[in-house]
$ cat query.cif   # mmCIF, C-alpha atoms
data_data
#
loop_
_atom_site.label_atom_id
_atom_site.label_comp_id
_atom_site.auth_asym_id
_atom_site.auth_seq_id
_atom_site.Cartn_x
_atom_site.Cartn_y
_atom_site.Cartn_z
CA MET A 587 62.29 15.41 -42.17
CA ARG A 588 61.26 16.25 -38.62
CA ARG A 589 58.72 18.71 -39.94
CA PHE A 590 57.25 16.04 -42.22
CA VAL A 591 56.86 13.59 -39.30
CA THR A 592 55.09 16.25 -37.25
CA ILE A 593 52.66 16.98 -40.09
CA LEU A 594 52.01 13.28 -40.65
CA ALA A 595 51.35 12.74 -36.95
CA GLY A 596 48.91 15.64 -37.00
CA ILE A 597 46.96 13.90 -39.75
CA LEU A 598 47.11 10.34 -38.45
CA LEU A 599 46.18 11.12 -34.81
CA PRO A 600 42.70 12.51 -35.58
CA LEU A 601 42.14 9.61 -37.99
CA SER A 602 43.02 7.06 -35.31
CA ILE A 603 40.67 8.75 -32.80
CA TYR A 604 37.88 8.73 -35.38
CA ALA A 605 38.53 5.03 -36.13
CA GLN A 606 38.33 4.19 -32.41
CA ALA A 607 35.02 6.00 -32.18
CA LEU A 608 33.67 3.79 -34.98
CA GLN A 609 34.71 0.56 -33.25
CA PRO A 610 31.76 -1.28 -31.65
CA ARG A 611 31.89 -1.37 -27.86
CA THR A 612 30.30 -3.88 -25.55
CA LYS A 613 30.35 -1.56 -22.51
CA ILE A 614 29.25 2.04 -22.04
CA THR A 615 29.38 4.31 -19.04
CA LEU A 616 26.36 5.00 -16.83
CA LYS A 617 26.33 8.60 -18.02
CA GLU A 618 26.22 7.47 -21.65
CA ALA A 619 23.48 4.96 -20.85
CA GLU A 620 21.36 7.62 -19.17
CA LYS A 621 21.45 9.64 -22.37
CA LEU A 622 19.78 6.70 -24.11
CA VAL A 623 17.47 5.63 -21.29
CA PRO A 624 17.00 8.08 -18.39
CA ARG A 625 17.46 6.61 -14.94
CA LEU A 626 14.09 5.58 -13.52
CA MET A 627 12.59 7.60 -10.65
CA ARG A 628 12.06 5.28 -7.69
CA GLN A 629 11.52 7.79 -4.88
CA PRO A 630 8.29 7.45 -2.89
CA VAL A 631 5.36 9.61 -3.98
CA PRO A 632 3.32 11.41 -1.28
CA SER A 633 -0.45 11.20 -1.37
CA LEU A 634 -2.33 14.17 -2.82
CA GLU A 635 -3.52 16.35 0.04
CA SER A 636 -6.04 18.54 -1.75
CA LEU A 637 -7.67 18.90 -5.13
CA SER A 638 -9.61 22.05 -4.26
CA THR A 639 -7.03 24.60 -5.49
CA GLN A 640 -8.56 26.94 -8.08
CA VAL A 641 -7.29 26.68 -11.65
CA LEU A 642 -6.23 30.11 -12.96
CA ASP A 643 -5.20 29.24 -16.49
CA THR A 644 -4.54 26.36 -18.89
CA ILE A 645 -1.55 26.04 -21.21
CA GLU A 646 -1.54 23.60 -24.12
CA THR A 647 1.46 21.33 -24.64
CA GLN A 648 2.82 19.57 -27.73
CA THR A 649 1.34 16.27 -26.49
CA PRO A 650 -2.27 15.86 -27.68
CA GLY A 651 -4.72 15.92 -24.81
CA VAL A 652 -2.15 17.03 -22.22
CA CYS A 653 -2.07 20.57 -20.85
CA ILE A 654 -0.56 22.45 -17.91
CA LEU A 655 -2.85 23.79 -15.18
CA LEU A 656 -1.72 26.97 -13.43
CA LEU A 657 -3.11 26.89 -9.88
CA ALA A 658 -4.05 29.65 -7.47
CA ASP A 659 -1.44 28.53 -4.90
CA ASN A 660 1.36 29.40 -7.40
CA THR A 661 1.93 25.77 -8.36
CA TRP A 662 1.19 23.88 -11.54
CA ARG A 663 0.56 20.33 -12.67
CA PHE A 664 -0.06 18.38 -15.85
CA TRP A 665 -3.62 17.41 -16.71
CA ARG A 666 -4.70 14.87 -19.29
CA ASP A 667 -8.00 15.16 -21.13
CA PRO A 668 -10.06 12.04 -20.29
CA SER A 669 -11.47 12.02 -23.83
CA GLU A 670 -7.93 11.27 -25.03
CA ALA A 671 -7.10 8.85 -22.23
CA VAL A 672 -10.12 6.60 -22.85
CA LYS A 673 -8.89 5.93 -26.41
CA ASN A 674 -6.37 3.56 -24.86
CA GLU A 675 -6.96 -0.06 -25.95
CA VAL A 676 -6.86 -1.14 -22.30
CA PHE A 677 -10.38 0.29 -21.87
CA ARG A 678 -11.79 -1.98 -24.57
CA GLU A 679 -10.14 -5.32 -23.86
CA ALA A 680 -12.21 -7.68 -21.65
CA TRP A 681 -14.48 -4.81 -20.60
CA ASN A 682 -17.37 -5.98 -18.44
CA ASN A 683 -19.78 -3.95 -16.31
CA GLU A 684 -21.49 -6.93 -14.66
CA TYR A 685 -18.84 -9.30 -13.29
CA ALA A 686 -15.91 -8.57 -11.01
CA SER A 687 -13.69 -11.02 -12.89
CA ALA A 688 -13.48 -9.73 -16.47
CA TYR A 689 -10.19 -11.08 -17.81
CA ASN A 690 -9.67 -14.64 -18.99
CA VAL A 691 -5.91 -14.55 -19.42
CA PRO A 692 -3.99 -17.85 -18.96
CA PHE A 693 -1.31 -17.63 -16.28
CA SER A 694 1.22 -19.11 -18.73
CA SER A 695 0.75 -16.15 -21.09
CA LEU A 696 1.90 -13.56 -18.53
CA PRO A 697 5.43 -12.23 -19.12
CA ASP A 698 8.09 -13.02 -16.51
CA ARG A 699 8.61 -9.35 -15.77
CA ILE A 700 5.99 -6.61 -16.04
CA ASN A 701 7.10 -2.96 -15.84
CA ILE A 702 4.20 -0.77 -14.75
CA TRP A 703 4.36 3.02 -14.62
CA VAL A 704 2.13 3.68 -11.65
CA CYS A 705 2.51 7.44 -11.35
CA ASP A 706 4.07 10.16 -13.50
CA GLN A 707 3.61 13.85 -14.25
CA ASN A 708 0.30 13.15 -16.00
CA ASN A 709 -1.06 10.58 -13.56
CA GLN A 710 -1.34 11.53 -9.89
CA TYR A 711 -1.78 9.36 -6.80
CA LYS A 712 -3.99 9.51 -3.70
CA CYS A 713 -4.03 7.02 -0.82
CA PRO A 714 -7.54 5.42 -0.76
CA ASN A 715 -7.60 5.44 3.05
CA LYS A 716 -4.55 6.36 5.14
CA THR A 717 -4.47 3.97 8.09
CA ARG A 718 -2.92 0.76 9.38
CA VAL A 719 -3.74 -2.51 7.64
CA TYR A 720 -6.26 -4.48 9.70
CA SER A 721 -6.08 -7.72 7.70
CA PRO A 722 -3.25 -8.26 5.17
CA PHE A 723 -3.15 -9.94 1.78
CA GLY A 724 -2.62 -13.71 1.79
CA THR A 725 -4.21 -17.01 2.72
CA ARG A 726 -6.98 -16.85 5.31
CA HIS A 727 -9.07 -19.81 6.47
CA HIS A 728 -7.57 -21.92 3.64
CA ARG A 729 -8.76 -19.33 1.12
CA ARG A 730 -6.95 -16.49 -0.53
CA HIS A 731 -7.60 -13.03 0.87
CA GLN A 732 -7.06 -11.05 -2.33
CA GLY A 733 -6.57 -7.60 -0.82
CA VAL A 734 -6.06 -5.68 2.40
CA ASP A 735 -8.68 -4.56 4.92
CA LEU A 736 -8.36 -0.96 6.08
CA PRO A 737 -10.42 0.10 9.13
CA LEU A 738 -12.53 3.23 8.78
CA GLN A 739 -15.77 4.68 10.14
CA LYS A 740 -18.98 4.45 8.17
CA GLY A 741 -19.32 7.47 5.90
CA THR A 742 -15.57 8.13 5.62
CA PRO A 743 -14.65 9.30 2.07
CA VAL A 744 -12.85 6.68 -0.04
CA TYR A 745 -10.60 8.04 -2.79
CA ALA A 746 -9.59 6.73 -6.20
CA ALA A 747 -5.92 5.78 -5.91
CA PHE A 748 -5.17 6.62 -9.57
CA SER A 749 -6.99 8.11 -12.52
CA GLY A 750 -8.98 5.69 -14.63
CA LYS A 751 -12.33 4.52 -15.94
CA VAL A 752 -14.93 2.84 -13.73
CA ARG A 753 -15.51 -0.67 -15.06
CA LEU A 754 -17.99 -1.82 -12.43
CA SER A 755 -20.10 -0.04 -9.81
CA LYS A 756 -22.80 -2.16 -8.21
CA TYR A 757 -23.76 -4.29 -5.22
CA TYR A 758 -21.77 -7.46 -5.82
CA ARG A 759 -22.30 -10.47 -3.55
CA GLY A 760 -19.89 -10.59 -0.61
CA TYR A 761 -18.09 -7.44 -1.74
CA GLY A 762 -21.21 -5.41 -0.98
CA ASN A 763 -21.13 -2.04 -2.72
CA LEU A 764 -18.15 -2.47 -5.03
CA VAL A 765 -16.34 -0.07 -7.36
CA ILE A 766 -13.68 -1.36 -9.77
CA ILE A 767 -11.51 1.15 -11.63
CA ARG A 768 -9.27 0.21 -14.56
CA HIS A 769 -6.19 2.35 -15.13
CA GLU A 770 -4.20 3.10 -18.27
CA ASN A 771 -1.28 0.94 -17.13
CA GLY A 772 -3.50 -2.18 -17.06
CA LEU A 773 -3.99 -2.28 -13.30
CA GLU A 774 -7.43 -2.54 -11.72
CA THR A 775 -8.22 -1.38 -8.19
CA TYR A 776 -11.17 -2.72 -6.16
CA TYR A 777 -13.00 -0.75 -3.41
CA ALA A 778 -15.46 -2.95 -1.48
CA HIS A 779 -17.99 -2.85 1.41
CA LEU A 780 -18.87 0.80 0.66
CA SER A 781 -21.96 2.24 2.31
CA GLU A 782 -22.51 4.39 -0.77
CA ARG A 783 -21.13 4.49 -4.31
CA LYS A 784 -20.47 7.95 -5.81
CA VAL A 785 -19.59 6.85 -9.38
CA SER A 786 -21.17 4.76 -12.13
CA ALA A 787 -19.75 2.29 -14.65
CA GLY A 788 -18.21 4.19 -17.56
CA ASP A 789 -17.31 7.29 -15.53
CA TRP A 790 -13.81 8.71 -15.76
CA VAL A 791 -12.34 9.49 -12.33
CA ASP A 792 -9.23 11.42 -11.36
CA ALA A 793 -6.82 10.35 -8.64
CA GLY A 794 -8.12 11.68 -5.35
CA GLN A 795 -11.76 11.83 -6.45
CA VAL A 796 -14.25 10.48 -3.88
CA ILE A 797 -15.67 7.31 -5.39
CA GLY A 798 -17.66 6.17 -2.36
CA LEU A 799 -18.14 6.21 1.39
CA GLY A 800 -16.82 3.62 3.82
CA GLY A 801 -19.22 1.07 5.23
CA SER A 802 -19.88 -2.58 6.03
CA THR A 803 -22.07 -3.85 3.19
CA GLY A 804 -21.83 -7.42 1.90
CA ARG A 805 -20.12 -10.12 3.93
CA SER A 806 -18.41 -7.83 6.40
CA SER A 807 -17.84 -8.14 10.14
CA GLY A 808 -17.46 -4.39 10.67
CA ALA A 809 -16.89 -1.10 8.86
CA HIS A 810 -13.73 -1.26 6.74
CA LEU A 811 -12.45 -0.80 3.19
CA HIS A 812 -11.44 -3.95 1.35
CA PHE A 813 -8.90 -2.78 -1.27
CA GLU A 814 -7.45 -4.93 -4.05
CA THR A 815 -4.88 -4.41 -6.80
CA ARG A 816 -4.99 -6.70 -9.83
CA TYR A 817 -3.11 -7.01 -13.11
CA ARG A 818 -5.07 -8.69 -15.93
CA GLY A 819 -7.22 -10.34 -13.27
CA TYR A 820 -4.38 -11.60 -11.07
CA ALA A 821 -4.29 -10.13 -7.55
CA PHE A 822 -1.09 -9.09 -5.75
CA ASP A 823 -0.40 -7.52 -2.37
CA PRO A 824 -1.42 -3.82 -2.43
CA GLN A 825 1.27 -3.16 0.18
CA TRP A 826 3.86 -3.77 -2.53
CA LEU A 827 2.57 -0.52 -4.00
CA ILE A 828 1.35 1.54 -1.05
CA ASP A 829 2.55 2.20 2.48
CA PHE A 830 -0.92 2.70 3.95
CA GLU A 831 0.24 4.01 7.35
CA SER A 832 2.24 6.88 5.82
CA GLY A 833 -0.02 7.13 2.76
CA THR A 834 2.92 7.17 0.33
CA LEU A 835 3.25 5.32 -2.96
CA ARG A 836 6.37 3.16 -2.76
CA HIS A 837 7.40 3.37 -6.46
CA ARG A 838 6.68 5.44 -9.55
CA LEU A 839 7.75 2.45 -11.63
CA PHE A 840 6.56 -0.88 -10.26
CA VAL A 841 8.18 -4.10 -11.45
CA LEU A 842 5.74 -6.99 -11.06
CA LYS A 843 7.34 -10.42 -11.43
CA LYS A 844 5.33 -13.42 -12.55
CA SER A 845 7.11 -15.49 -9.88
CA HIS A 846 5.42 -13.30 -7.24
CA LEU A 847 1.96 -14.06 -8.57
CA SER A 848 -0.14 -17.21 -8.28
CA GLU A 849 -2.46 -18.63 -10.88
CA TYR A 850 -4.95 -19.04 -8.02
CA SER A 851 -5.00 -15.29 -7.37
CA ARG A 852 -7.73 -14.85 -9.99
CA TYR A 853 -10.12 -16.15 -7.35
CA VAL A 854 -13.31 -14.12 -6.86
CA PRO A 855 -16.03 -15.71 -4.67
CA GLU A 856 -18.92 -16.42 -7.01
CA THR A 857 -21.38 -18.41 -4.85
CA ASP A 858 -23.33 -17.68 -1.69
CA GLU A 859 -21.88 -20.82 -0.06
CA GLU A 860 -18.32 -19.54 -0.49
CA GLU A 861 -19.26 -16.13 0.84
CA VAL A 862 -21.05 -17.54 3.89
CA ALA A 863 -18.05 -19.75 4.73
CA ILE A 864 -15.65 -16.80 4.50
CA TYR A 865 -18.00 -14.52 6.45
CA LEU A 866 -18.46 -17.01 9.30
CA ALA A 867 -14.71 -17.65 9.48
CA ASP A 868 -14.01 -13.89 9.50
CA THR A 869 -16.63 -13.38 12.21
CA ARG A 870 -15.07 -16.09 14.39
CA GLU A 871 -11.61 -14.65 13.80
CA LYS A 872 -12.78 -11.17 14.76
CA ALA A 873 -14.57 -12.51 17.86
CA VAL A 874 -11.43 -14.32 18.99
CA ALA A 875 -9.30 -11.24 18.29
CA ASP A 876 -11.75 -9.04 20.22
CA SER A 877 -11.75 -11.48 23.15
CA LEU A 878 -7.96 -11.59 23.26
CA ALA A 879 -7.84 -7.80 23.03
CA ALA A 880 -10.35 -7.52 25.90
CA VAL A 881 -8.33 -9.91 28.09
CA LYS A 882 -5.13 -8.05 27.30
CA LYS A 883 -6.76 -4.70 28.04
CA ALA A 884 -8.15 -5.99 31.37
CA ALA A 885 -4.72 -7.30 32.35
CA GLU A 886 -3.08 -3.99 31.44
CA GLU A 887 -5.69 -2.04 33.41
CA LYS A 888 -5.22 -4.33 36.43
CA ALA A 889 -1.44 -3.90 36.26
CA ALA A 890 -1.87 -0.13 36.00
CA ARG A 891 -4.16 -0.08 39.07
CA GLU A 892 -1.73 -2.23 41.02
CA ALA A 893 1.19 -0.02 40.03
CA ALA A 894 -0.73 3.08 41.11
CA ALA A 895 -1.58 1.50 44.47
CA ALA A 896 1.91 0.10 45.10
CA ARG A 897 3.66 1.15 48.32
CA TYR A 898 7.40 0.88 49.00
CA HIS A 899 9.61 0.99 52.10
CA THR A 900 13.32 1.82 52.28
CA ILE A 901 15.24 -0.33 54.76
CA ARG A 902 16.56 1.59 57.76
CA SER A 903 18.70 0.54 60.72
CA GLY A 904 16.78 -1.79 63.05
CA ASP A 905 14.14 -2.81 60.51
CA THR A 906 12.87 -6.39 60.46
CA LEU A 907 10.42 -8.02 58.06
CA SER A 908 7.96 -8.67 60.87
CA GLY A 909 8.09 -5.03 61.97
CA ILE A 910 7.70 -3.73 58.43
CA ALA A 911 4.74 -6.09 57.84
CA ARG A 912 3.05 -5.05 61.11
CA ARG A 913 3.40 -1.31 60.42
CA ASN A 914 1.96 -1.70 56.90
CA GLY A 915 -0.89 -4.01 57.80
CA THR A 916 0.38 -6.98 55.79
CA SER A 917 2.28 -10.23 56.28
CA ILE A 918 5.86 -11.41 55.79
CA SER A 919 4.76 -13.94 53.14
CA ALA A 920 2.85 -11.25 51.20
CA ILE A 921 5.92 -8.99 51.17
CA CYS A 922 8.12 -11.85 49.96
CA LYS A 923 5.70 -12.56 47.07
CA LEU A 924 5.92 -8.93 45.97
CA ASN A 925 9.75 -8.99 46.01
CA PRO A 926 11.26 -11.89 44.01
CA GLY A 927 14.30 -13.35 45.80
CA LEU A 928 13.27 -12.05 49.20
CA THR A 929 12.68 -14.72 51.91
CA PRO A 930 11.91 -14.54 55.66
CA LYS A 931 15.57 -15.35 56.33
CA SER A 932 17.03 -12.74 53.91
CA THR A 933 19.42 -10.14 55.30
CA LEU A 934 17.91 -6.68 54.92
CA ARG A 935 20.51 -4.31 53.44
CA LEU A 936 20.34 -0.67 54.51
CA GLY A 937 18.93 1.54 51.75
CA ARG A 938 17.23 -1.30 49.86
CA LYS A 939 13.71 -0.44 48.64
CA ILE A 940 11.14 -3.20 48.94
CA ARG A 941 7.50 -3.26 47.93
CA VAL A 942 5.10 -3.72 50.84
CA LYS A 943 1.70 -3.33 49.10
#

$ encode --input "query.cif" --output "structure tokens"
Amino acid sequence: MRRFVTILAGILLPLSIYAQALQPRTKITLKEAEKLVPRLMRQPVPSLESLSTQVLDTIETQTPGVCILLLADNTWRFWRDPSEAVKNEVFREAWNNEYASAYNVPFSSLPDRINIWVCDQNNQYKCPNKTRVYSPFGTRHHRRHQGVDLPLQKGTPVYAAFSGKVRLSKYYRGYGNLVIIRHENGLETYYAHLSERKVSAGDWVDAGQVIGLGGSTGRSSGAHLHFETRYRGYAFDPQWLIDFESGTLRHRLFVLKKSHLSEYSRYVPETDEEEVAIYLADTREKAVADSLAAVKKAAEEKAAREAAAARYHTIRSGDTLSGIARRNGTSISAICKLNPGLTPKSTLRLGRKIRVK
């Protein structure tokens, strides 16, 4: 009997385990979930430093149009054939080589959450211009400033942030020399006020390719790069994507929420009157900023000169304020002004250091 129970248990136990495995579960472990959907890579991506490394060999992959480049510095990277990339529908929808604003997408039609792969093994990244942000995204002079202004000297190379197809390359009103690149993920990047454009509409560009030179064309109060990021025509803060001071890309996967956008962010100045108003306001703002900076610099220089010329005296036995003033060619009142809390009637403590000049 005991032997029969043992045999029966040996049969029923595997059956019960199998039945449990068939039961639907509402929760799974993180490890199990990652087998279904790999955990997303969110680490920052450094800017490409050089594209000049010689290609030694090319290896085809199983993905059409994607191959592996073996480089002379003993590294490798994926490369996608532009002739395959341009087949993407994104390069046909609302395509316009004449106007900066190409999309006509109602704000209500945008999804609440937009997942955008910004950079992966096939798509590289290069900071357009590594520097501090001179003027941030937001409202300026009661108008929306749709991008960031990055200071640079005239003639400085400006790089394509990501690979894509040039939708517009022309002199465009207040933008001056403007290049707009559309990328496979649906983003568009704007590069404005260029002194020279190096690409034409319809060109395919790789991340890190020089698309123009910095300048001050259009309505500009000085040499700088005006850089915009837009999704289906709606602008958002480029600093959500890029840390311009370090040059790094903040996310490989960027989650753009509709609640962070504004239906007014489709704004592109289309008349000379609008451009003149913005230009004059920018000029006044820059003049005020320059004046404040000049006053601050003068004050700092004066303080530095005074600090360099300062003279001190350490109180010794028998010292009096009148004697100290006489020996240093100054007055008691002048010494008191240089030493807060010191008065003509103050007791002079031995060893105290006071400023006399």

$ resolve_selection --input "query.cif" --expression "the PyMOL selection byres ((chain A and resi 680) around 12)" --output "list in words"
Glu675, Val676, Phe677, Arg678, Glu679, Trp681, Asn682, Asn683, Glu684, Tyr685, Ala686, Ser687, Ala688, Tyr689, Asn690, Val691, Arg753, Arg768, Gly772, Arg818 and Gly819 of chain A

$ closest_residue --input "query.cif" --among "A:Ile901, A:Val704, A:Cys713, A:Leu738" --to "Glu774 in chain A" --atoms "all atoms listed in the file"
A:Val704

$ atom_distance --input "query.cif" --atom1 "CA of Thr916 in chain A" --atom2 "CA of Val942 in chain A"
7.6 Å

$ closest_atom_pairs --input "query.cif" --of "range 770-885 of chain A" --to "range 730-734 of chain A" --cutoff "9 Å" --atoms "all atoms listed in the file" --output "JSON lines"
{"residue": "A:Tyr776", "atom": "CA", "partner": "A:Gly733", "partner_atom": "CA", "distance": 8.6}
{"residue": "A:Leu811", "atom": "CA", "partner": "A:Val734", "partner_atom": "CA", "distance": 8.1}
{"residue": "A:His812", "atom": "CA", "partner": "A:Val734", "partner_atom": "CA", "distance": 5.7}
{"residue": "A:Phe813", "atom": "CA", "partner": "A:Gly733", "partner_atom": "CA", "distance": 5.4}
{"residue": "A:Glu814", "atom": "CA", "partner": "A:Gly733", "partner_atom": "CA", "distance": 4.3}
{"residue": "A:Thr815", "atom": "CA", "partner": "A:Gly733", "partner_atom": "CA", "distance": 7.0}
{"residue": "A:Arg816", "atom": "CA", "partner": "A:Gln732", "partner_atom": "CA", "distance": 8.9}
{"residue": "A:Ala821", "atom": "CA", "partner": "A:Gln732", "partner_atom": "CA", "distance": 6.0}
{"residue": "A:Phe822", "atom": "CA", "partner": "A:Gln732", "partner_atom": "CA", "distance": 7.2}
{"residue": "A:Asp823", "atom": "CA", "partner": "A:Gly733", "partner_atom": "CA", "distance": 6.4}
{"residue": "A:Pro824", "atom": "CA", "partner": "A:Gly733", "partner_atom": "CA", "distance": 6.6}
{"residue": "A:Gln825", "atom": "CA", "partner": "A:Val734", "partner_atom": "CA", "distance": 8.1}
{"residue": "A:Tyr850", "atom": "CA", "partner": "A:Arg730", "partner_atom": "CA", "distance": 8.2}
{"residue": "A:Ser851", "atom": "CA", "partner": "A:Gln732", "partner_atom": "CA", "distance": 6.9}
{"residue": "A:Arg852", "atom": "CA", "partner": "A:Gln732", "partner_atom": "CA", "distance": 8.6}
{"residue": "A:Tyr853", "atom": "CA", "partner": "A:Arg730", "partner_atom": "CA", "distance": 7.5}
{"residue": "A:Val854", "atom": "CA", "partner": "A:Gln732", "partner_atom": "CA", "distance": 8.3}

$ resolve_selection --input "query.cif" --expression "the PyMOL selection byres ((chain A and resi 644) around 7)" --output "list of chain:residue names"
A:Asp643, A:Ile645, A:Glu646, A:Cys653, A:Ile654, A:Leu655, A:Leu656

$ atom_distance --input "query.cif" --atom1 "CA of Tyr777 in chain A" --atom2 "CA of Tyr820 in chain A"
15.8 Å

$ atom_distance --input "query.cif" --atom1 "CA of Trp665 in chain A" --atom2 "CA of Trp826 in chain A"
26.6 Å

$ resolve_selection --input "query.cif" --expression "the PyMOL selection byres ((chain A and resi 931) around 12)" --output "mmCIF file with C-alpha atoms, in the coordinates of the input"
data_model
loop_
_atom_site.group_PDB
_atom_site.id
_atom_site.type_symbol
_atom_site.label_atom_id
_atom_site.label_comp_id
_atom_site.auth_asym_id
_atom_site.auth_seq_id
_atom_site.Cartn_x
_atom_site.Cartn_y
_atom_site.Cartn_z
ATOM 1 C CA THR A 906 12.870 -6.390 60.460
ATOM 2 C CA LEU A 907 10.420 -8.020 58.060
ATOM 3 C CA SER A 908 7.960 -8.670 60.870
ATOM 4 C CA ILE A 918 5.860 -11.410 55.790
ATOM 5 C CA SER A 919 4.760 -13.940 53.140
ATOM 6 C CA CYS A 922 8.120 -11.850 49.960
ATOM 7 C CA GLY A 927 14.300 -13.350 45.800
ATOM 8 C CA LEU A 928 13.270 -12.050 49.200
ATOM 9 C CA THR A 929 12.680 -14.720 51.910
ATOM 10 C CA PRO A 930 11.910 -14.540 55.660
ATOM 11 C CA SER A 932 17.030 -12.740 53.910
ATOM 12 C CA THR A 933 19.420 -10.140 55.300
ATOM 13 C CA LEU A 934 17.910 -6.680 54.920
#

$ closest_residue --input "query.cif" --among "A:Leu847, A:Val744, A:Ala809, A:Val631" --to "Arg783 in chain A" --atoms "all atoms listed in the file"
A:Val744

$ residues_around --input "query.cif" --residues "Gln640 in chain A" --least-positions-apart "5" --cutoff "8 Å" --atoms "only C-alpha atoms" --output "list of chain:residue names"
A:Leu657, A:Ala658, A:Asp659

$ write_last_selection --input "query.cif" --atoms "C-alpha atoms" --output "short mmCIF file (atom, residue, chain, number, x, y, z; two decimals), in the frame of the given file"
data_model
loop_
_atom_site.label_atom_id
_atom_site.label_comp_id
_atom_site.auth_asym_id
_atom_site.auth_seq_id
_atom_site.Cartn_x
_atom_site.Cartn_y
_atom_site.Cartn_z
CA LEU A 657 -3.11 26.89 -9.88
CA ALA A 658 -4.05 29.65 -7.47
CA ASP A 659 -1.44 28.53 -4.90
#

$ closest_residue --input "query.cif" --among "A:Gly741, A:Pro714, A:Pro630, A:Gly724" --to "Leu839 in chain A" --atoms "all atoms listed in the file"
A:Pro630

$ closest_residue --input "query.cif" --among "A:Trp703, A:Phe693, A:Tyr720, A:Trp790" --to "Asp667 in chain A" --atoms "all atoms listed in the file"
A:Trp790

$ decode --input "query.cif" --residues "range 767-778 of chain A" --atoms "N, CA, C and O atoms" --output "mmCIF file, in the first residue's frame"
data_model
loop_
_atom_site.group_PDB
_atom_site.id
_atom_site.type_symbol
_atom_site.label_atom_id
_atom_site.label_comp_id
_atom_site.auth_asym_id
_atom_site.auth_seq_id
_atom_site.Cartn_x
_atom_site.Cartn_y
_atom_site.Cartn_z
ATOM 1 N N ILE A 767 16.064 69.348 -40.975
ATOM 2 C CA ILE A 767 16.295 67.928 -41.248
ATOM 3 C C ILE A 767 15.188 67.112 -40.585
ATOM 4 O O ILE A 767 14.885 67.310 -39.407
ATOM 5 N N ARG A 768 14.572 66.223 -41.370
ATOM 6 C CA ARG A 768 13.580 65.308 -40.801
ATOM 7 C C ARG A 768 14.251 63.966 -40.555
ATOM 8 O O ARG A 768 15.016 63.480 -41.394
ATOM 9 N N HIS A 769 13.928 63.363 -39.420
ATOM 10 C CA HIS A 769 14.554 62.105 -39.011
ATOM 11 C C HIS A 769 13.534 60.968 -39.031
ATOM 12 O O HIS A 769 12.315 61.205 -39.032
ATOM 13 N N GLU A 770 14.029 59.751 -39.059
ATOM 14 C CA GLU A 770 13.154 58.588 -39.212
ATOM 15 C C GLU A 770 12.142 58.442 -38.085
ATOM 16 O O GLU A 770 11.095 57.832 -38.259
ATOM 17 N N ASN A 771 12.459 58.980 -36.904
ATOM 18 C CA ASN A 771 11.541 58.852 -35.776
ATOM 19 C C ASN A 771 10.442 59.912 -35.790
ATOM 20 O O ASN A 771 9.630 59.978 -34.869
ATOM 21 N N GLY A 772 10.401 60.754 -36.831
ATOM 22 C CA GLY A 772 9.356 61.774 -36.935
ATOM 23 C C GLY A 772 9.763 63.137 -36.424
ATOM 24 O O GLY A 772 9.040 64.115 -36.620
ATOM 25 N N LEU A 773 10.915 63.218 -35.765
ATOM 26 C CA LEU A 773 11.395 64.521 -35.296
ATOM 27 C C LEU A 773 11.941 65.346 -36.459
ATOM 28 O O LEU A 773 12.416 64.793 -37.454
ATOM 29 N N GLU A 774 11.884 66.664 -36.310
ATOM 30 C CA GLU A 774 12.574 67.576 -37.211
ATOM 31 C C GLU A 774 13.469 68.477 -36.370
ATOM 32 O O GLU A 774 13.074 68.916 -35.287
ATOM 33 N N THR A 775 14.674 68.742 -36.871
ATOM 34 C CA THR A 775 15.580 69.675 -36.203
ATOM 35 C C THR A 775 15.849 70.855 -37.124
ATOM 36 O O THR A 775 16.032 70.690 -38.327
ATOM 37 N N TYR A 776 15.838 72.073 -36.524
ATOM 38 C CA TYR A 776 16.037 73.317 -37.264
ATOM 39 C C TYR A 776 17.398 73.901 -36.883
ATOM 40 O O TYR A 776 17.757 73.952 -35.706
ATOM 41 N N TYR A 777 18.133 74.414 -37.875
ATOM 42 C CA TYR A 777 19.431 75.051 -37.681
ATOM 43 C C TYR A 777 19.366 76.398 -38.399
ATOM 44 O O TYR A 777 19.361 76.448 -39.639
ATOM 45 N N ALA A 778 19.335 77.509 -37.630
ATOM 46 C CA ALA A 778 19.059 78.820 -38.228
ATOM 47 C C ALA A 778 20.189 79.816 -37.997
ATOM 48 O O ALA A 778 21.042 79.629 -37.139
#
